[in-house]
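Enquirer: So here's final_26.pdb, just PDB, C-alpha atoms:
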ATOM      1  CA  MET A  17    -103.158 -35.994 -31.776
ATOM      2  CA  LYS A  18    -100.328 -35.167 -29.402
ATOM      3  CA  ALA A  19     -98.484 -31.958 -28.813
ATOM      4  CA  ARG A  20     -95.488 -30.760 -26.891
ATOM      5  CA  VAL A  21     -95.507 -27.229 -25.527
ATOM      6  CA  THR A  22     -92.206 -25.781 -24.376
ATOM      7  CA  VAL A  23     -92.210 -22.682 -22.199
ATOM      8  CA  THR A  24     -88.935 -20.831 -21.729
ATOM      9  CA  LEU A  25     -87.925 -17.574 -20.114
ATOM     10  CA  LYS A  26     -87.411 -14.700 -22.518
ATOM     11  CA  ASN A  27     -83.870 -13.605 -23.183
ATOM     12  CA  GLY A  28     -82.679 -11.114 -20.638
ATOM     13  CA  VAL A  29     -84.987 -12.341 -17.871
ATOM     14  CA  LEU A  30     -82.924 -13.403 -14.867
ATOM     15  CA  ASP A  31     -83.182 -17.179 -14.367
ATOM     16  CA  PRO A  32     -81.792 -17.948 -10.901
ATOM     17  CA  GLN A  33     -82.683 -21.645 -11.178
ATOM     18  CA  GLY A  34     -80.882 -21.975 -14.507
ATOM     19  CA  LYS A  35     -77.878 -20.225 -12.945
ATOM     20  CA  ALA A  36     -77.863 -22.676 -10.011
ATOM     21  CA  ILE A  37     -78.004 -25.657 -12.391
ATOM     22  CA  GLU A  38     -75.234 -24.137 -14.484
ATOM     23  CA  GLY A  39     -73.080 -23.801 -11.362
ATOM     24  CA  ALA A  40     -73.843 -27.391 -10.319
ATOM     25  CA  LEU A  41     -72.885 -28.772 -13.734
ATOM     26  CA  LYS A  42     -69.628 -26.875 -13.616
ATOM     27  CA  SER A  43     -68.847 -28.131 -10.120
ATOM     28  CA  LEU A  44     -69.571 -31.694 -11.317
ATOM     29  CA  GLY A  45     -66.865 -31.234 -13.915
ATOM     30  CA  VAL A  46     -69.173 -31.427 -16.954
ATOM     31  CA  GLU A  47     -67.200 -29.673 -19.649
ATOM     32  CA  GLY A  48     -68.293 -27.420 -22.462
ATOM     33  CA  ILE A  49     -71.337 -25.855 -20.732
ATOM     34  CA  ALA A  50     -71.484 -22.147 -21.458
ATOM     35  CA  SER A  51     -74.844 -21.390 -19.795
ATOM     36  CA  VAL A  52     -78.128 -23.028 -18.740
ATOM     37  CA  ARG A  53     -81.662 -21.661 -18.970
ATOM     38  CA  GLN A  54     -84.456 -23.624 -17.330
ATOM     39  CA  GLY A  55     -87.913 -24.074 -18.847
ATOM     40  CA  LYS A  56     -91.015 -26.240 -18.717
ATOM     41  CA  VAL A  57     -92.360 -28.944 -21.025
ATOM     42  CA  PHE A  58     -96.053 -29.897 -21.287
ATOM     43  CA  ASP A  59     -97.026 -33.059 -23.157
ATOM     44  CA  ILE A  60    -100.614 -32.615 -24.199
ATOM     45  CA  GLU A  61    -103.009 -35.094 -25.737
ATOM     46  CA  LEU A  62    -105.714 -33.557 -27.916
ATOM     47  CA  ASP A  63    -109.079 -35.091 -28.660
ATOM     48  CA  THR A  64    -109.175 -33.732 -32.197
ATOM     49  CA  SER A  65    -107.404 -34.721 -35.404
ATOM     50  CA  ASP A  66    -108.038 -31.306 -36.976
ATOM     51  CA  LYS A  67    -104.639 -29.627 -37.075
ATOM     52  CA  ALA A  68    -105.926 -26.057 -37.258
ATOM     53  CA  LYS A  69    -108.298 -26.664 -34.369
ATOM     54  CA  ALA A  70    -105.520 -28.230 -32.303
ATOM     55  CA  GLU A  71    -103.213 -25.293 -32.963
ATOM     56  CA  ALA A  72    -105.908 -22.825 -31.960
ATOM     57  CA  SER A  73    -106.579 -24.715 -28.709
ATOM     58  CA  LEU A  74    -102.889 -24.916 -27.875
ATOM     59  CA  LYS A  75    -102.392 -21.222 -28.550
ATOM     60  CA  ALA A  76    -105.300 -20.444 -26.223
ATOM     61  CA  ALA A  77    -103.849 -22.786 -23.578
ATOM     62  CA  CYS A  78    -100.496 -21.009 -23.737
ATOM     63  CA  GLU A  79    -101.874 -17.476 -23.756
ATOM     64  CA  LYS A  80    -104.442 -18.100 -21.023
ATOM     65  CA  LEU A  81    -102.439 -20.175 -18.588
ATOM     66  CA  LEU A  82     -99.339 -22.159 -19.557
ATOM     67  CA  ALA A  83     -97.070 -19.189 -20.219
ATOM     68  CA  ASN A  84     -96.855 -15.799 -18.568
ATOM     69  CA  THR A  85     -96.036 -13.793 -21.653
ATOM     70  CA  VAL A  86     -94.533 -11.000 -19.543
ATOM     71  CA  ILE A  87     -91.467 -13.165 -18.979
ATOM     72  CA  GLU A  88     -91.929 -16.342 -21.006
ATOM     73  CA  ASN A  89     -91.954 -17.501 -24.619
ATOM     74  CA  TYR A  90     -93.733 -20.653 -25.743
ATOM     75  CA  ARG A  91     -93.322 -23.061 -28.618
ATOM     76  CA  VAL A  92     -95.915 -25.570 -29.800
ATOM     77  CA  GLU A  93     -95.032 -28.750 -31.704
ATOM     78  CA  LEU A  94     -97.684 -31.132 -32.998
ATOM     79  CA  THR A  95     -96.453 -34.707 -33.236
TER
ATOM     80  CA  MET B  14    -116.615  -1.220   6.028
ATOM     81  CA  LYS B  15    -117.225  -4.643   4.509
ATOM     82  CA  SER B  16    -114.311  -6.834   3.489
ATOM     83  CA  ALA B  17    -114.267 -10.081   1.546
ATOM     84  CA  VAL B  18    -111.274 -12.394   2.016
ATOM     85  CA  ILE B  19    -110.966 -14.840  -0.884
ATOM     86  CA  VAL B  20    -109.946 -18.369   0.062
ATOM     87  CA  PHE B  21    -108.171 -20.513  -2.532
ATOM     88  CA  PRO B  22    -107.106 -24.124  -2.042
ATOM     89  CA  GLY B  23    -103.771 -23.605  -0.291
ATOM     90  CA  SER B  24    -104.453 -20.142   1.187
ATOM     91  CA  ASN B  25    -103.063 -20.196   4.710
ATOM     92  CA  ARG B  26    -103.010 -16.580   5.853
ATOM     93  CA  ASP B  27    -106.725 -15.960   5.421
ATOM     94  CA  GLY B  28    -107.389 -16.340   9.155
ATOM     95  CA  ASP B  29    -104.709 -13.786  10.064
ATOM     96  CA  VAL B  30    -106.083 -11.268   7.574
ATOM     97  CA  VAL B  31    -109.622 -11.753   8.875
ATOM     98  CA  ARG B  32    -108.338 -11.145  12.418
ATOM     99  CA  ALA B  33    -106.398  -8.014  11.398
ATOM    100  CA  LEU B  34    -109.399  -6.570   9.560
ATOM    101  CA  ARG B  35    -111.762  -7.236  12.468
ATOM    102  CA  LEU B  36    -109.324  -5.649  14.925
ATOM    103  CA  ALA B  37    -109.317  -2.549  12.729
ATOM    104  CA  GLY B  38    -113.122  -2.503  12.764
ATOM    105  CA  SER B  39    -114.191  -4.075   9.473
ATOM    106  CA  GLN B  40    -116.944  -6.590   8.922
ATOM    107  CA  VAL B  41    -115.375  -9.575   7.170
ATOM    108  CA  GLU B  42    -116.664 -12.465   5.134
ATOM    109  CA  LYS B  43    -114.622 -15.310   3.675
ATOM    110  CA  VAL B  44    -115.417 -16.144   0.046
ATOM    111  CA  TRP B  45    -114.556 -19.447  -1.644
ATOM    112  CA  HIS B  46    -112.637 -19.120  -4.917
ATOM    113  CA  ALA B  47    -115.247 -21.043  -6.939
ATOM    114  CA  GLU B  48    -117.942 -18.432  -6.228
ATOM    115  CA  HIS B  49    -118.864 -16.080  -9.051
ATOM    116  CA  ASP B  50    -119.981 -13.094  -6.970
ATOM    117  CA  LEU B  51    -118.678 -11.031  -4.094
ATOM    118  CA  PRO B  52    -121.011 -10.460  -1.115
ATOM    119  CA  ALA B  53    -123.294  -7.459  -1.722
ATOM    120  CA  GLY B  54    -121.748  -4.213  -0.503
ATOM    121  CA  THR B  55    -118.140  -5.437  -0.483
ATOM    122  CA  ASP B  56    -115.802  -2.435  -0.149
ATOM    123  CA  LEU B  57    -112.470  -4.252   0.064
ATOM    124  CA  VAL B  58    -111.351  -7.575  -1.413
ATOM    125  CA  VAL B  59    -108.302  -9.248   0.131
ATOM    126  CA  LEU B  60    -106.311 -12.014  -1.551
ATOM    127  CA  PRO B  61    -104.390 -13.571   1.348
ATOM    128  CA  GLY B  62    -100.998 -15.247   1.464
ATOM    129  CA  GLY B  63    -100.387 -18.946   1.134
ATOM    130  CA  PHE B  64     -99.642 -21.352  -1.638
ATOM    131  CA  SER B  65    -102.715 -21.362  -3.857
ATOM    132  CA  TYR B  66    -102.946 -24.577  -5.869
ATOM    133  CA  GLY B  67     -99.601 -25.611  -4.387
ATOM    134  CA  ASP B  68     -97.899 -22.925  -6.497
ATOM    135  CA  TYR B  69     -98.082 -25.363  -9.418
ATOM    136  CA  LEU B  70     -97.204 -23.977 -12.846
ATOM    137  CA  ARG B  71     -96.244 -20.542 -11.460
ATOM    138  CA  CYS B  72     -97.086 -18.926  -8.124
ATOM    139  CA  GLY B  73    -100.602 -17.514  -8.352
ATOM    140  CA  ALA B  74    -101.094 -18.599 -11.986
ATOM    141  CA  ILE B  75    -104.016 -20.946 -11.454
ATOM    142  CA  ALA B  76    -105.649 -18.810  -8.754
ATOM    143  CA  GLY B  77    -105.350 -15.810 -11.093
ATOM    144  CA  ARG B  78    -107.818 -17.534 -13.407
ATOM    145  CA  ALA B  79    -110.243 -18.782 -10.713
ATOM    146  CA  ALA B  80    -113.962 -18.079 -11.128
ATOM    147  CA  ILE B  81    -114.097 -15.401  -8.416
ATOM    148  CA  MET B  82    -111.354 -13.378 -10.126
ATOM    149  CA  ASP B  83    -113.807 -12.070 -12.744
ATOM    150  CA  ALA B  84    -115.798 -10.541  -9.888
ATOM    151  CA  VAL B  85    -112.577  -9.182  -8.336
ATOM    152  CA  ARG B  86    -111.580  -7.626 -11.680
ATOM    153  CA  ALA B  87    -115.043  -6.048 -12.024
ATOM    154  CA  HIS B  88    -114.793  -4.724  -8.432
ATOM    155  CA  ALA B  89    -111.383  -3.180  -9.202
ATOM    156  CA  ALA B  90    -112.678  -1.715 -12.471
ATOM    157  CA  ARG B  91    -115.460   0.022 -10.487
ATOM    158  CA  GLY B  92    -112.762   1.580  -8.316
ATOM    159  CA  GLY B  93    -113.259  -0.886  -5.439
ATOM    160  CA  LEU B  94    -110.297  -1.584  -3.170
ATOM    161  CA  VAL B  95    -108.250  -4.765  -3.606
ATOM    162  CA  LEU B  96    -105.335  -5.851  -1.406
ATOM    163  CA  GLY B  97    -103.102  -8.809  -2.292
ATOM    164  CA  ILE B  98    -100.542  -9.997   0.233
ATOM    165  CA  CYS B  99     -97.661 -12.347  -0.692
ATOM    166  CA  ASN B 100     -99.338 -15.102  -2.728
ATOM    167  CA  GLY B 101    -102.161 -12.578  -3.168
ATOM    168  CA  PHE B 102     -99.660 -10.183  -4.827
ATOM    169  CA  GLN B 103     -98.557 -13.016  -7.124
ATOM    170  CA  ILE B 104    -102.217 -13.670  -7.972
ATOM    171  CA  LEU B 105    -102.786  -9.962  -8.764
ATOM    172  CA  CYS B 106     -99.817  -9.978 -11.163
ATOM    173  CA  GLU B 107    -100.867 -13.250 -12.790
ATOM    174  CA  SER B 108    -104.457 -12.056 -13.205
ATOM    175  CA  GLY B 109    -103.366  -8.858 -14.929
ATOM    176  CA  LEU B 110    -104.627  -6.549 -12.168
ATOM    177  CA  LEU B 111    -101.055  -5.409 -11.502
ATOM    178  CA  PRO B 112     -98.105  -5.316 -13.916
ATOM    179  CA  GLY B 113     -94.914  -7.357 -13.670
ATOM    180  CA  ILE B 114     -94.306 -10.664 -11.949
ATOM    181  CA  LEU B 115     -92.718 -12.151  -8.827
ATOM    182  CA  MET B 116     -89.767 -14.371  -9.722
ATOM    183  CA  ARG B 117     -87.807 -16.834  -7.604
ATOM    184  CA  ASN B 118     -85.751 -14.951  -4.971
ATOM    185  CA  ALA B 119     -82.407 -13.997  -6.494
ATOM    186  CA  ASN B 120     -80.510 -15.953  -3.821
ATOM    187  CA  LEU B 121     -82.757 -19.003  -4.474
ATOM    188  CA  ARG B 122     -83.625 -19.224  -0.750
ATOM    189  CA  PHE B 123     -86.965 -19.094   0.958
ATOM    190  CA  ILE B 124     -86.685 -16.027   3.173
ATOM    191  CA  CYS B 125     -88.538 -15.652   6.454
ATOM    192  CA  HIS B 126     -87.573 -12.755   8.707
ATOM    193  CA  ARG B 127     -88.520  -9.362  10.153
ATOM    194  CA  GLN B 128     -88.106  -6.614   7.598
ATOM    195  CA  PHE B 129     -88.427  -2.831   7.443
ATOM    196  CA  LEU B 130     -90.413  -1.248   4.654
ATOM    197  CA  ARG B 131     -90.387   2.366   3.594
ATOM    198  CA  VAL B 132     -93.853   3.805   3.060
ATOM    199  CA  GLU B 133     -93.405   5.689  -0.222
ATOM    200  CA  ARG B 134     -96.614   7.710   0.021
ATOM    201  CA  ASN B 135     -99.282   8.107   2.674
ATOM    202  CA  ASP B 136    -102.056   9.655   0.623
ATOM    203  CA  THR B 137    -103.720   6.399  -0.418
ATOM    204  CA  ALA B 138    -106.546   4.404   1.145
ATOM    205  CA  PHE B 139    -103.971   1.849   2.290
ATOM    206  CA  THR B 140    -101.399   4.054   4.015
ATOM    207  CA  ARG B 141    -103.116   7.100   5.590
ATOM    208  CA  ALA B 142    -102.230   5.948   9.101
ATOM    209  CA  TYR B 143     -98.495   6.035   8.341
ATOM    210  CA  GLY B 144     -96.096   8.892   7.763
ATOM    211  CA  LYS B 145     -94.576   9.467   4.335
ATOM    212  CA  GLY B 146     -91.139   7.849   4.301
ATOM    213  CA  GLN B 147     -91.815   6.029   7.583
ATOM    214  CA  ALA B 148     -89.979   2.734   8.059
ATOM    215  CA  ILE B 149     -92.405   0.109   9.310
ATOM    216  CA  ASP B 150     -91.467  -3.239  10.795
ATOM    217  CA  VAL B 151     -93.242  -6.210   9.196
ATOM    218  CA  CYS B 152     -92.492  -9.835   8.320
ATOM    219  CA  VAL B 153     -91.568 -11.464   5.039
ATOM    220  CA  ALA B 154     -91.952 -15.152   4.248
ATOM    221  CA  HIS B 155     -91.632 -16.154   0.612
ATOM    222  CA  GLY B 156     -89.606 -18.042  -1.964
ATOM    223  CA  GLU B 157     -90.716 -16.041  -4.986
ATOM    224  CA  GLY B 158     -90.847 -12.358  -4.137
ATOM    225  CA  ASN B 159     -88.306 -10.992  -6.569
ATOM    226  CA  TYR B 160     -90.336  -8.266  -8.285
ATOM    227  CA  THR B 161     -89.515  -8.064 -11.972
ATOM    228  CA  ALA B 162     -90.973  -5.919 -14.742
ATOM    229  CA  ASP B 163     -89.816  -4.677 -18.124
ATOM    230  CA  GLY B 164     -88.033  -1.340 -18.291
ATOM    231  CA  GLU B 165     -91.032   0.544 -19.608
ATOM    232  CA  THR B 166     -93.323  -0.746 -16.833
ATOM    233  CA  LEU B 167     -90.752   0.066 -14.178
ATOM    234  CA  LYS B 168     -90.363   3.575 -15.547
ATOM    235  CA  ARG B 169     -94.122   4.047 -15.472
ATOM    236  CA  LEU B 170     -94.441   2.726 -11.900
ATOM    237  CA  GLU B 171     -91.700   5.063 -10.706
ATOM    238  CA  GLY B 172     -92.859   8.026 -12.775
ATOM    239  CA  GLU B 173     -96.476   7.784 -11.651
ATOM    240  CA  GLY B 174     -95.649   7.172  -7.980
ATOM    241  CA  LEU B 175     -97.087   3.671  -8.005
ATOM    242  CA  VAL B 176     -94.401   2.090  -5.832
ATOM    243  CA  ALA B 177     -96.104   1.570  -2.472
ATOM    244  CA  PHE B 178     -93.291   0.136  -0.346
ATOM    245  CA  ARG B 179     -89.571  -0.527  -0.655
ATOM    246  CA  TYR B 180     -87.362  -2.802   1.431
ATOM    247  CA  CYS B 181     -85.239  -0.616   3.691
ATOM    248  CA  ASP B 182     -83.217  -0.617   6.901
ATOM    249  CA  ALA B 183     -84.494   0.544  10.302
ATOM    250  CA  ASP B 184     -83.712   4.157   9.381
ATOM    251  CA  GLY B 185     -85.655   4.024   6.128
ATOM    252  CA  ARG B 186     -82.574   3.795   3.930
ATOM    253  CA  VAL B 187     -83.106   1.684   0.819
ATOM    254  CA  THR B 188     -79.922  -0.379   0.661
ATOM    255  CA  PRO B 189     -78.938  -3.472  -1.361
ATOM    256  CA  ASP B 190     -78.599  -5.414   1.924
ATOM    257  CA  ALA B 191     -82.225  -4.741   2.825
ATOM    258  CA  ASN B 192     -83.401  -6.095  -0.532
ATOM    259  CA  ARG B 193     -82.885  -9.780   0.148
ATOM    260  CA  ASN B 194     -85.034 -11.198  -2.625
ATOM    261  CA  GLY B 195     -83.432  -9.129  -5.390
ATOM    262  CA  SER B 196     -86.525  -7.123  -6.390
ATOM    263  CA  MET B 197     -85.997  -4.427  -9.017
ATOM    264  CA  ASN B 198     -85.647  -0.997  -7.378
ATOM    265  CA  SER B 199     -86.173  -2.750  -3.986
ATOM    266  CA  ILE B 200     -89.898  -2.864  -4.701
ATOM    267  CA  ALA B 201     -91.933  -4.579  -1.960
ATOM    268  CA  GLY B 202     -95.371  -3.410  -3.092
ATOM    269  CA  ILE B 203     -97.072  -1.566  -5.947
ATOM    270  CA  TYR B 204    -100.359   0.185  -6.676
ATOM    271  CA  SER B 205    -102.550   0.051  -9.747
ATOM    272  CA  ALA B 206    -102.771   3.236 -11.812
ATOM    273  CA  ARG B 207    -105.885   4.350  -9.885
ATOM    274  CA  LEU B 208    -104.298   3.533  -6.496
ATOM    275  CA  ASN B 209    -107.190   1.212  -5.590
ATOM    276  CA  VAL B 210    -105.295  -2.069  -5.978
ATOM    277  CA  LEU B 211    -102.266  -2.785  -3.782
ATOM    278  CA  GLY B 212    -100.047  -5.858  -4.030
ATOM    279  CA  MET B 213     -97.260  -6.420  -1.498
ATOM    280  CA  MET B 214     -94.962  -9.321  -0.610
ATOM    281  CA  PRO B 215     -94.539  -8.673   3.165
ATOM    282  CA  HIS B 216     -97.191  -9.630   5.702
ATOM    283  CA  PRO B 217     -98.615  -6.626   7.597
ATOM    284  CA  GLU B 218    -101.223  -8.960   9.145
ATOM    285  CA  ASN B 219     -98.431 -10.702  11.077
ATOM    286  CA  LEU B 220     -97.791  -7.740  13.322
ATOM    287  CA  VAL B 221    -101.064  -6.272  14.513
ATOM    288  CA  GLU B 222    -100.919  -7.101  18.235
ATOM    289  CA  ASP B 223     -98.379  -6.485  21.014
ATOM    290  CA  LEU B 224     -98.703 -10.112  22.006
ATOM    291  CA  VAL B 225     -96.703 -11.198  18.950
ATOM    292  CA  GLY B 226     -94.073  -8.490  19.235
ATOM    293  CA  GLY B 227     -95.200  -5.645  17.005
ATOM    294  CA  THR B 228     -98.096  -3.584  15.721
ATOM    295  CA  ASP B 229     -96.624  -1.765  12.704
ATOM    296  CA  GLY B 230     -98.812  -3.772  10.318
ATOM    297  CA  ARG B 231    -101.960  -2.481  11.949
ATOM    298  CA  GLY B 232    -101.787   0.922  10.270
ATOM    299  CA  LEU B 233    -102.556  -0.581   6.889
ATOM    300  CA  PHE B 234    -105.827  -2.113   8.053
ATOM    301  CA  GLU B 235    -106.722   0.969  10.082
ATOM    302  CA  SER B 236    -106.058   3.154   7.027
ATOM    303  CA  LEU B 237    -108.497   1.085   4.998
ATOM    304  CA  VAL B 238    -111.215   1.190   7.636
ATOM    305  CA  SER B 239    -110.759   4.918   8.273
ATOM    306  CA  SER B 240    -111.031   5.688   4.536
ATOM    307  CA  PHE B 241    -114.563   4.374   4.735
ATOM    308  CA  ALA B 242    -115.392   6.040   8.031
ATOM    309  CA  LYS B 243    -114.521   9.385   6.407
ATOM    310  CA  ALA B 244    -116.542   8.672   3.301
ATOM    311  CA  ALA B 245    -119.660   7.686   5.281
TER
END
Translate the structure of the given file into structure tokens.

Expert:
Amino acid sequence: MKARVTVTLKNGVLDPQGKAIEGALKSLGVEGIASVRQGKVFDIELDTSDKAKAEASLKAACEKLLANTVIENYRVELT
Amino acid sequence: MKSAVIVFPGSNRDGDVVRALRLAGSQVEKVWHAEHDLPAGTDLVVLPGGFSYGDYLRCGAIAGRAAIMDAVRAHAARGGLVLGICNGFQILCESGLLPGILMRNANLRFICHRQFLRVERNDTAFTRAYGKGQAIDVCVAHGEGNYTADGETLKRLEGEGLVAFRYCDADGRVTPDANRNGSMNSIAGIYSARLNVLGMMPHPENLVEDLVGGTDGRGLFESLVSSFAKAA
């Protein structure tokens, strides 16, 4: 079973890297960009086919290490 | 006094901290991050600067979960002293020993320069050798030192006097210009609620000998050693 975990900064947390990318896109003349927030994507392969077990492992992975829940949100998608 | 300096893969300021502690009169032992115990009789644990685990994931995130950190947490819970400098501060925040987090510098640049810090209080084990409000000259060298915390945490830190140092000018004035990484309230260092854990971004261990152009960092290490001399 495979999963994709997306970690993003919470709303209201300053994202200087996202701001720099936003500025770069604007200076490249890409139109229609209102704002950019940067995040991280983890593609994870699980060695179980038990969905509940996989979700529990992924939640533990996010809470223990992948996300710092002070500033970040995470989203888990099983594929 | 006995100090333990924890070495993670990527620590690079461990040698300087060991030197500063020995100059101040402490016995020092280096401890590898994969150990589960601190040396018997450890009074002070130091998490040195560097780039633990290459700063992968987030600065200090992987080191914050290293085996030795359970022993460091237990030491802190017993009231033992813990000092985290630069990457060590990031590790303390990631491990939950201190609140908040160090974000990428607001100007997105790695900063490396001499910097004045205002000593907010001098009644702790870390700052006895300084005067209250004294501006000390130290060095900063980091890319992610922008201290950030939620409003409630910030209010608590300020209300309980847990801000240890603020970026300031040579006269001790806390100005926006002196705060080059964008830290909230110009925070350069904070204490835990019991004042036994200190995390700070600047490097006091850089300036402990005249040979390198300054000794203002020495007071921190001398404060720590003298706290134990008094107790003994």

Enquirer: Excluding Tyr90 in chain A and any residue of its chain fewer than 5 positions from it, enumerate the residues within 12 Å of it, using all atoms listed in the file, and give them as a short mmCIF file (atom, residue, chain, number, x, y, z; two decimals) with C-alpha atoms, in the coordinates of the input.

Expert:
data_model
loop_
_atom_site.label_atom_id
_atom_site.label_comp_id
_atom_site.auth_asym_id
_atom_site.auth_seq_id
_atom_site.Cartn_x
_atom_site.Cartn_y
_atom_site.Cartn_z
CA ARG A 20 -95.49 -30.76 -26.89
CA VAL A 21 -95.51 -27.23 -25.53
CA THR A 22 -92.21 -25.78 -24.38
CA VAL A 23 -92.21 -22.68 -22.20
CA THR A 24 -88.94 -20.83 -21.73
CA LEU A 25 -87.92 -17.57 -20.11
CA LYS A 26 -87.41 -14.70 -22.52
CA GLY A 55 -87.91 -24.07 -18.85
CA LYS A 56 -91.02 -26.24 -18.72
CA VAL A 57 -92.36 -28.94 -21.02
CA PHE A 58 -96.05 -29.90 -21.29
CA LEU A 74 -102.89 -24.92 -27.88
CA LYS A 75 -102.39 -21.22 -28.55
CA ALA A 76 -105.30 -20.44 -26.22
CA ALA A 77 -103.85 -22.79 -23.58
CA CYS A 78 -100.50 -21.01 -23.74
CA GLU A 79 -101.87 -17.48 -23.76
CA LYS A 80 -104.44 -18.10 -21.02
CA LEU A 81 -102.44 -20.18 -18.59
CA LEU A 82 -99.34 -22.16 -19.56
CA ALA A 83 -97.07 -19.19 -20.22
CA ASN A 84 -96.86 -15.80 -18.57
CA THR A 85 -96.04 -13.79 -21.65
#

Enquirer: What residues in chain B have any atom no more than 9 Å from chain A when counting only C-alpha atoms, and can you write them as a ChimeraX atom specification?

Expert: /B:70-71,74-75,78,107,112-114,116-121,161-163

Enquirer: Any idea what the distance is between CA of Val41 in chain B and CA of Gly28 in chain B?

Expert: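 Spanning CA of Val41 in chain B to CA of Gly28 in chain B is a straight-line distance of 10.7 Å.
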
Enquirer: Kindly resolve the PyMOL selection byres ((chain B and resi 137-141) around 9) on the present coordinates and return the residues as a ChimeraX atom specification.

Expert: /B:94,96,132,134-136,142-145,177,208-209,211,232-241

Enquirer: Skip Ala206 in chain B itself and residues of its chain fewer than 6 positions away, then list as a list of chain:residue names all residues within 12 Å of it, counting all atoms listed in the file.

Expert: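 These residues fall inside the cut-off: B:Ala89, B:Ala90, B:Gly92, B:Leu110, B:Leu111, B:Pro112, B:Thr137, B:Thr166, B:Arg169, B:Leu170, B:Glu171, B:Gly172, B:Glu173, B:Gly174, B:Leu175, B:Val176, B:Ala177.
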
Enquirer: I would like the residues chosen by the PyMOL selection byres ((chain B and resi 184-200) around 7) on the shown file; could you give them as an NGL selection string?

Expert: :B and (118-120 or 131 or 146-148 or 158-161 or 176 or 178-183 or 201-202)

Enquirer: In Å, rounded to a single decimal, give me how far CA of Phe102 in chain B is from CA of Glu157 in chain B.

Expert: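 Spanning CA of Glu157 in chain B to CA of Phe102 in chain B is a straight-line distance of 10.7 Å.
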
Enquirer: So which one's closest to His46 in chain B, B:Ala79, B:Cys99, B:Leu60, B:Ile149? Using all atoms listed in the file, please.

Expert: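 Among the listed residues, the smallest separation from His46 in chain B belongs to B:Ala79.
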
Enquirer: Taking the file as shown, find all residues satisfying the PyMOL selection byres ((chain B and resi 51) around 9) and write them as a VMD selection string.

Expert: chain B and resid 17 44 48 to 50 52 to 55 58 81 84 to 85 88

Enquirer: Record the distance separating CA of Gly93 in chain B and CA of Asp56 in chain B, expressed in Å with one decimal.

Expert: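 A separation of 6.1 Å between them.
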
Enquirer: List as number ranges by chain the protein and nucleic acid residues near Ser65 in chain A, meaning an atom at most 12 Å away when only C-alpha atoms are counted, but skip any in the same chain fewer than 5 places from it.

Expert: A: 17-19, 70-71, 94-95
